[in-house]
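Worksheet: one structure, shown below.
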Amino acid sequence: MSKEVFFIAGSEINIGMVGHVDHGKTTLTQALSGVWTDVHSEELKRGISIRLGYADATFRKCPKCDEPKCYTTDKKCPVDGSKTEVLRTVSFVDSPGHETLMATMLSGGALMDGAVLVIAANETCPQPQTKEHLMALDVIGVKNVVVVQNKVDIVPREKVLENYKQIKEFIKGTVAEDAPIIPVAAQHKTNIDLLINAIEKYIPTRKYDTSKPPKLLIARSFDINKPGKLPDEIMGGVVGGSLMQGVLKAGDKIEIRPGLKVEEDNKTVWKPIHTVVESLIEAGKKVKTINPGGLVGVGTLLDPSLTKSDGLSGRVLSLPGILPEESETLVLDIHLLKRVVGTREELDVDDIRTNEPLMLNIMTTTTVGIVSSARGSEAEVKLKLPVVAEKGARIAISRRIGTRWRLIGYGIVK
């Protein structure tokens, strides 16, 4: 992903764009932000999202127009040309909809304050990953949802109404039961004003605690140096993510965990990474301080070989001595779903068994572990890669079913 796509952020809130593959999430993100988030070569070739995409949109309101037509992202009202007032800037996290990339969606879920669930009107609702993504929002604790009925321009009115009824039935009893359903033609930017209005009403900005030490979840990391740069011109590695609490300042000494794997006295240990905040990037500009909310870039003095190709994604950044040590074993209080979602045939979810492998999503980290002990609603899991997990943290659990990892529930760290 190009750095320009990531570092246009400077927002107050992160909103996930979720739903089944090819239902129009990336097109809708572009309609709102003007940014096409699929920029990786393989994404362009295959026409689907593979990595998490990021784009920013500044919501505005015309002081003269009546609601909901007064909402826009333009500096001048498209109706009467009046200068619009800024409401807030939103960072959109565009999640892959393909079933093989569920782990990527779950890792992005840790950053989401709310979500837009995109459902195409030209297909029967629900499709497998529509179910899986909605269940994932519930599992990871995302409660504020707006539903978009997309592609209403390519099907007859009767089909749109039939699909609307299917959506209403589908969201009954879920976290999205009371969510508004906004008909949209993202390709033509139709009803974007109605969607902004709904997001403003149903997805409020989270209240953050700036009195606590800073904690930034790292979702991406980059080497921003172009080939051929002279050694004295090389810039340190960059990490990108979202500050969940506290305030981070340029010049701060920082610690990143889990750190680097090293061998000491014939034993494998993980050493935290220490560096300095060289620069902070918001809205494409360097700033001296960042507050929680939205997506940001942190320039460091790290060797860029450590950060290239998302080498530090999934880590947590804070001040030295603040974060708990890495855990290679977790004891979880288990909460299982009744049925496996994301497949055509929904199987019952069996109890977790000793010695079975599980995929765990902890904040922006994805790791696999083996259950060393399963006893009723509690399980102990030995991890292949260590994680930073505080007591009470909520963790998404997936099980290998056939050739895919399928979401089966969540665990609370004991």
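So you can find residues: chains in the structure tokens are A, B, ... in the order shown, residues in each start at 1, and ligands are numbered from 1 in order.
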Would you give me, as a tab-separated table, each residue of range 162-234 of chain A having an atom within 9 Å of an atom of range 289-307 of chain A, along with its shortest atom pair and that distance in Å to one decimal, using only C-alpha atoms and sorting by chain and residue number?
residue	atom	partner	partner_atom	distance
A:Thr205	CA	A:Gly293	CA	8.3
A:Arg206	CA	A:Gly293	CA	7.8
A:Tyr208	CA	A:Pro292	CA	6.4
A:Asp209	CA	A:Pro292	CA	8.2
A:Thr210	CA	A:Asn291	CA	7.4
A:Pro214	CA	A:Pro292	CA	8.6
A:Lys215	CA	A:Pro292	CA	9.0
A:Leu216	CA	A:Pro292	CA	8.6
A:Arg220	CA	A:Thr307	CA	8.5
A:Ser221	CA	A:Thr307	CA	5.0
A:Phe222	CA	A:Thr307	CA	5.0
A:Asp223	CA	A:Pro304	CA	5.0
A:Ile224	CA	A:Pro304	CA	7.9
A:Asn225	CA	A:Pro304	CA	8.1
A:Ile234	CA	A:Pro304	CA	8.6
Residues as selected, C-alpha atoms, written as an mmCIF file, in the first residue's frame, can you do that?
data_model
loop_
_atom_site.group_PDB
_atom_site.id
_atom_site.type_symbol
_atom_site.label_atom_id
_atom_site.label_comp_id
_atom_site.auth_asym_id
_atom_site.auth_seq_id
_atom_site.Cartn_x
_atom_site.Cartn_y
_atom_site.Cartn_z
ATOM 1 C CA THR A 205 -16.990 9.657 18.540
ATOM 2 C CA ARG A 206 -15.577 7.533 21.329
ATOM 3 C CA TYR A 208 -10.846 8.553 25.157
ATOM 4 C CA ASP A 209 -8.777 8.837 28.327
ATOM 5 C CA THR A 210 -5.854 11.146 27.645
ATOM 6 C CA PRO A 214 -0.167 6.379 25.401
ATOM 7 C CA LYS A 215 -1.010 3.034 23.804
ATOM 8 C CA LEU A 216 -0.925 2.731 20.040
ATOM 9 C CA ARG A 220 0.807 -1.415 9.354
ATOM 10 C CA SER A 221 4.525 -0.659 9.107
ATOM 11 C CA PHE A 222 6.644 0.647 6.247
ATOM 12 C CA ASP A 223 10.058 1.402 4.860
ATOM 13 C CA ILE A 224 9.438 4.772 3.180
ATOM 14 C CA ASN A 225 12.889 4.991 1.544
ATOM 15 C CA ILE A 234 17.876 7.051 4.719
#
Please return as a list of chain:residue names: the residues of range 141-241 of chain A that backbone DSSP assigns to strand (DSSP E).
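Filtering range 141-241 of chain A to strand (DSSP E) leaves A:Val145, A:Val146, A:Val147, A:Val148, A:Gln149, A:Asn150, A:Ile181, A:Ile182, A:Pro183, A:Lys215, A:Leu216, A:Leu217, A:Ile218, A:Ala219, A:Arg220, A:Ser221, A:Phe222, A:Val238, A:Val239, A:Gly240, A:Gly241.
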Pick out the residues sitting within 12 Å of Val262 in chain A, and hand them over as a compact mmCIF listing (two decimals) with C-alpha atoms, in the first residue's frame; count only C-alpha atoms, and ignore anything fewer than 4 positions along from it in its own chain.
# COMPACT_ATOMS: atom_id res chain seq x y z
CA PRO A 258 6.27 -8.05 21.31
CA ASN A 266 20.40 -21.50 24.29
CA LYS A 267 16.94 -20.10 24.98
CA THR A 268 14.59 -18.08 22.80
CA VAL A 269 13.58 -14.78 24.37
CA TRP A 270 11.69 -11.72 23.11
CA LYS A 271 13.39 -8.38 23.64
CA PRO A 272 11.27 -5.20 23.54
CA ILE A 273 12.17 -2.69 20.84
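Interatomic distance, CA of Thr84 in chain A against CA of Val184 in chain A: 22.6 Å.
Closest to Leu260 in chain A among A:Glu132, A:Lys168, A:Arg315, A:Lys189 is A:Arg315, based on only C-alpha atoms.
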Where in range 109-342 of chain A does DSSP assign helix (DSSP H, G or I), given as a PyMOL selection string?
chain A and resi 109+128-140+157-171+186-188+192-202+231-233+304-310
Using C-alpha atoms, can you export the residues from the last selection as a compact mmCIF listing (two decimals), in the first residue's frame?
# COMPACT_ATOMS: atom_id res chain seq x y z
CA GLY A 109 -11.69 -4.80 13.99
CA PRO A 128 -21.72 -16.08 3.81
CA GLN A 129 -19.27 -13.30 4.66
CA THR A 130 -22.11 -10.85 5.34
CA LYS A 131 -23.04 -13.19 8.19
CA GLU A 132 -19.45 -13.71 9.24
CA HIS A 133 -18.57 -10.01 9.31
CA LEU A 134 -21.70 -9.07 11.27
CA MET A 135 -21.00 -11.83 13.79
CA ALA A 136 -17.38 -10.65 13.98
CA LEU A 137 -18.52 -7.13 14.90
CA ASP A 138 -20.49 -8.61 17.79
CA VAL A 139 -17.57 -10.81 18.88
CA ILE A 140 -15.02 -7.98 18.91
CA ARG A 157 -37.40 -1.46 -7.70
CA GLU A 158 -39.22 -4.70 -6.78
CA LYS A 159 -35.87 -6.46 -6.26
CA VAL A 160 -34.63 -3.58 -4.08
CA LEU A 161 -37.71 -3.86 -1.86
CA GLU A 162 -37.39 -7.64 -1.65
CA ASN A 163 -33.71 -7.33 -0.72
CA TYR A 164 -34.60 -4.69 1.90
CA LYS A 165 -37.00 -7.14 3.56
CA GLN A 166 -34.28 -9.80 3.54
CA ILE A 167 -31.88 -7.38 5.25
CA LYS A 168 -34.45 -6.48 7.93
CA GLU A 169 -35.02 -10.17 8.66
CA PHE A 170 -31.28 -10.91 8.67
CA ILE A 171 -30.33 -8.22 11.22
CA ALA A 186 -21.86 4.05 -4.55
CA GLN A 187 -20.73 4.01 -8.19
CA HIS A 188 -22.74 7.20 -8.79
CA ILE A 192 -24.03 9.77 0.18
CA ASP A 193 -25.64 12.70 2.04
CA LEU A 194 -28.14 10.31 3.66
CA LEU A 195 -25.31 7.96 4.63
CA ILE A 196 -23.26 10.76 6.25
CA ASN A 197 -26.37 11.82 8.17
CA ALA A 198 -26.84 8.25 9.47
CA ILE A 199 -23.17 7.88 10.44
CA GLU A 200 -23.32 11.17 12.35
CA LYS A 201 -26.41 10.02 14.27
CA TYR A 202 -25.56 6.38 14.93
CA PRO A 231 23.06 6.07 3.33
CA ASP A 232 23.02 9.48 5.01
CA GLU A 233 19.60 10.22 3.49
CA PRO A 304 13.70 0.38 8.14
CA SER A 305 14.36 -3.32 7.46
CA LEU A 306 12.39 -4.01 10.67
CA THR A 307 9.32 -2.10 9.51
CA LYS A 308 9.16 -2.89 5.80
CA SER A 309 6.29 -5.03 4.44
CA ASP A 310 4.29 -4.76 7.70
Do a neighbour search on range 350-356 of chain A at 6 Å with only C-alpha atoms, toss out local chain neighbours closer than 4 positions, and write the hits as an mmCIF file with C-alpha atoms, in the first residue's frame.
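Wrote it out as out_36.cif, contents follow:
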data_model
loop_
_atom_site.group_PDB
_atom_site.id
_atom_site.type_symbol
_atom_site.label_atom_id
_atom_site.label_comp_id
_atom_site.auth_asym_id
_atom_site.auth_seq_id
_atom_site.Cartn_x
_atom_site.Cartn_y
_atom_site.Cartn_z
ATOM 1 C CA ILE A 370 -2.440 -25.136 20.538
ATOM 2 C CA VAL A 371 -4.926 -25.836 23.344
ATOM 3 C CA SER A 372 -2.853 -27.362 26.132
ATOM 4 C CA SER A 373 -5.846 -27.785 28.424
ATOM 5 C CA ALA A 374 -9.595 -27.491 27.807
#
Residues near His335 in chain A, anyone? I mean within 7 Å using only C-alpha atoms, not counting same-chain ones fewer than 2 positions away, as a PDB file with N, CA and C atoms, in the first residue's frame.
ATOM      1  N   ASP A 333     -11.432 -17.406  29.280  1.00  0.00           N
ATOM      2  CA  ASP A 333     -12.829 -17.729  29.589  1.00  0.00           C
ATOM      3  C   ASP A 333     -13.553 -17.761  28.247  1.00  0.00           C
ATOM      4  N   LEU A 337     -20.028 -19.441  19.842  1.00  0.00           N
ATOM      5  CA  LEU A 337     -21.254 -19.254  19.078  1.00  0.00           C
ATOM      6  C   LEU A 337     -22.009 -20.583  19.010  1.00  0.00           C
ATOM      7  N   GLY A 409     -16.206 -17.961  18.127  1.00  0.00           N
ATOM      8  CA  GLY A 409     -16.533 -17.325  19.401  1.00  0.00           C
ATOM      9  C   GLY A 409     -15.442 -16.384  19.861  1.00  0.00           C
ATOM     10  N   TYR A 410     -15.460 -16.091  21.140  1.00  0.00           N
ATOM     11  CA  TYR A 410     -14.431 -15.215  21.696  1.00  0.00           C
ATOM     12  C   TYR A 410     -14.021 -15.691  23.081  1.00  0.00           C
ATOM     13  N   GLY A 411     -12.880 -15.198  23.526  1.00  0.00           N
ATOM     14  CA  GLY A 411     -12.394 -15.521  24.863  1.00  0.00           C
ATOM     15  C   GLY A 411     -12.010 -14.253  25.602  1.00  0.00           C
TER      16      GLY A 411
END
Residues near Arg60 in chain A, anyone? I mean within 6 Å using only C-alpha atoms, not counting same-chain ones fewer than 5 positions away, as a CSV table (one decimal) with N, CA and C atoms, in the first residue's frame.
chain,number,residue,atom,x,y,z
A,71,TYR,N,-25.8,17.4,4.2
A,71,TYR,CA,-24.5,16.7,4.6
A,71,TYR,C,-23.7,16.4,3.3
A,72,THR,N,-22.4,16.7,3.4
A,72,THR,CA,-21.5,16.5,2.2
A,72,THR,C,-20.1,16.3,2.7
A,73,THR,N,-19.2,16.1,1.8
A,73,THR,CA,-17.7,16.1,2.1
A,73,THR,C,-17.1,17.2,1.3
A,84,THR,N,-19.3,25.2,3.5
A,84,THR,CA,-19.8,24.2,4.5
A,84,THR,C,-19.0,24.2,5.8
A,85,GLU,N,-19.6,23.8,6.9
A,85,GLU,CA,-19.0,23.7,8.2
A,85,GLU,C,-18.5,22.3,8.5
A,86,VAL,N,-17.3,22.2,9.0
A,86,VAL,CA,-16.7,20.9,9.3
A,86,VAL,C,-17.4,20.3,10.5
A,87,LEU,N,-17.8,19.0,10.4
A,87,LEU,CA,-18.4,18.3,11.5
A,87,LEU,C,-17.3,17.5,12.2
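In terms of minimum interatomic distance to Glu326 in chain A, A:Gly259 ranks closest within A:Gly369, A:Pro227, A:Pro204, A:Gly259, counting only C-alpha atoms.
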